[in-house]
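Peer 1: Sharing a structure, written as structure tokens. Questions coming.
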Amino acid sequence: MTPLISYYEIETSGQVSELHLYNLSSLDNNCKITCSAGNIVGENESTVLLNILFPPNISKLSDAYQDHHWCIPFSMSGNPKPELRWLLNGEPVIEGPYIMTMIHDFSEREYHGCLQLDSPTHINNGPYTLLASNKYGQDRKTVDAHFMRNPFEGGIGGPSSTAMSFSQVYVVVGIAAVAFTGFLLMLVMLKFGGNSKFGIKGASSVISNDDDSASPLHHVSNGSNTPSSSEMGPDAVIIGMTKIPVIENPQYFRSNSMLKSDTFVQHIKRHNIVLKRELGEGAFGKVFLAECYNLSPELDKILVAVKTLKEASENARKDFHREAELLTNLQHEHIVTFYGVCVESDPLIMVFEYMKHGDLNKFLRAHGPDSVMMGDGPTNRPVELTQSQMLHIAQQIAAGMVYLASQHFVHRDLATRNCLVGENLLVKIGDFGMSRDVYSTDYYRVGGHTMLPIRWMPPESIMYRKFTTESDVWSLGVVLWEIFTYGKQPWYQLSNNEVIECITQGRVLQRPRTCPKEVYDLMLGCWQREPHMRHHIKEIHSLLLNLAKASPVYLDILG
Ligand code: AMP
């Protein structure tokens, strides 16, 4: 374990020495303190382990989800181990074989577990409060859980439906008639309106290479220039003086080379995946830490991150399979490893390598001056990132981007929220456009469901929806800025409309306080207005690599 103790004093009087440690936190628990003494005839040493006592802290209590049982997941810490009690609607929950608290995991000095419920019904719906206490204090958090609709409450099909009045019957018949007419109209439009919006909606979340008709994304993937006004058509909105095209989903350009016909996607059996706890939530569904059995011949089980697909419509399923093929073909040390899919039953699951420290944006914030100063609760005392560590992070992302460019793959949504951090400050590009819910303020909604990461986009992507390796280079410059500001949101002081005005008028982000001149020059090289004037991705990588080598990283600071 890496000692985190920052300040100590040794007081010696005669034969007795005392070691005084200050500013300890729970992170120092189990640190080894070794006392060595020596003289001319030899030396001796003795070691003790630190045992730091602190009050409970519930860091997470989230929405219930269903695995083999229902689970209300929580994470908490405290020493001695806190006692846990649950309240439902303010009344104590009596635990037994059908409802019980389970601790699945003790890692990163936190206990992770579930209130596990076996076949809960509507009676179990309501606000659940978790109370954690030990002799140093207590903490509480509440979450609403909804397992099942009350079958005896209104609605057609419930017992009350037998008492449906005639007026209710008329309403139902009326709605059915309107719906049927609508359906007929839709059929007619589909038949005669070949160039209508339906095709565009069909573009959904993954760009199809063979779907060459109405998808606005397709023009981008062909690398075309400014679209004609008919292409912009109804898929554009006017903001201030700028016309912004509407893009169904700011995901990737899938080049032909990535979607090989002979791609073999590994299938993993459902019984080989054991969920442990929730890691986060993306636009497509929840992400869980899980154990995966029989994945590699050397290891019985390994920790993985599984992404679930919450909406399993026909289109979503197609997208899912395409995404899986694409991910299977992307293999690089700085791209998160994709192990395979599990499609035996719902929800559909994608299995990825587990990156212990989660997404890079949260990681940067947790290791920035604000977090260090405020000390995020009594249980966490983060260590501020050094400049050389920042360079090390940046260099790894650039390496991943060199690889993507070599595969003619345009990311379109490169940002620190889409990178992951593993052990020993290993960083990989990890997300494929799924972090939209959590970071919704990073995206700009232009019509219905369309979200654009405008703060990371160059003028030509904002104005003409042109996405290329050069627009990825622009985003990489913004990622460098994020790293050197410890995860600040680009243009955080401006509204989305102001950001669009700023970028299209040619303004660029200011040099962060802690950023060396060489690195800011590199950012400016990424933010040249003319795409062909921007640095080449390989050039950026080798510059960052040289800068990182010039200031070696002391990795062990982060453990
Ligand atoms: P996403 O759906 O990819 O946006 O993921 C949502 C959140 O889950 C991220 O912000 C991460 O904190 C976490 N997460 C996603 N993938 C992984 C992974 N491979 N390892 C660890 N945490 C992950």
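In the structure tokens, each chain is lettered A, B, ... as it comes, each chain's residues begin at 1, and ligands are numbered from 1 in order of appearance.
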List all protein, DNA and RNA residues that have an atom no more than 10 Å from any atom of ligand 1, counting only C-alpha atoms and all ligand atoms, and report them as a VMD selection string.
Peer 2: chain A and resid 278 to 289 303 to 309 336 to 338 351 to 363 416 to 422 428 to 439
Peer 1: Quick one: residues within 9 Å of segment 516-522 of chain A, only C-alpha atoms counted, chain neighbours fewer than 5 positions away excluded, as a ChimeraX atom specification?
Peer 2: /A:387,391,477,480-481,510-511,527,535,540,543-544,547
Peer 1: Mind checking which residues fall within 7 Å of Tyr7 of chain A, counting only C-alpha atoms, ignoring those fewer than 3 positions away in the same chain, and posting them as a count of residues only?
Peer 2: 3
Peer 1: In terms of the shortest atom-to-atom distance over only C-alpha atoms, which of A:Gln15, A:Ser345, A:Gln266, A:Ser542 is closest to Gln395 of chain A?
Peer 2: A:Ser542
Peer 1: Give the answer as one residue: which of A:His541, A:Glu83, A:Gln66, A:His112 has the shortest atom-to-atom distance to Met148 of chain A, using only C-alpha atoms?
Peer 2: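 Once distances to Met148 of chain A are computed over only C-alpha atoms, the minimum belongs to A:Gln66.
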Peer 1: Report as a ChimeraX atom specification all protein, DNA and RNA residues lying within 10 Å of Ile58 of chain A, evaluated on only C-alpha atoms, omitting residues in the same chain fewer than 6 positions from it.
Peer 2: /A:74-78,110-111,130-132,138-141
Peer 1: Put those residues in a file: C-alpha atoms, as a PDB file, in the first residue's frame.
Peer 2:
```
ATOM      1  CA  PHE A  74     -25.365   1.075  -1.887  1.00  0.00           C
ATOM      2  CA  SER A  75     -21.743   1.876  -1.091  1.00  0.00           C
ATOM      3  CA  MET A  76     -20.589   3.000   2.329  1.00  0.00           C
ATOM      4  CA  SER A  77     -17.515   3.175   4.518  1.00  0.00           C
ATOM      5  CA  GLY A  78     -16.789   3.463   8.246  1.00  0.00           C
ATOM      6  CA  GLU A 110     -15.699   0.866   0.821  1.00  0.00           C
ATOM      7  CA  TYR A 111     -18.359  -1.755   1.393  1.00  0.00           C
ATOM      8  CA  LEU A 130     -30.448   3.392   4.669  1.00  0.00           C
ATOM      9  CA  LEU A 131     -29.128   4.193   8.169  1.00  0.00           C
ATOM     10  CA  ALA A 132     -25.478   3.396   8.841  1.00  0.00           C
ATOM     11  CA  GLN A 138     -24.153   7.897  11.637  1.00  0.00           C
ATOM     12  CA  ASP A 139     -25.175   8.667   8.085  1.00  0.00           C
ATOM     13  CA  ARG A 140     -28.418   8.207   6.154  1.00  0.00           C
ATOM     14  CA  LYS A 141     -29.593   8.365   2.566  1.00  0.00           C
TER      15      LYS A 141
END
```
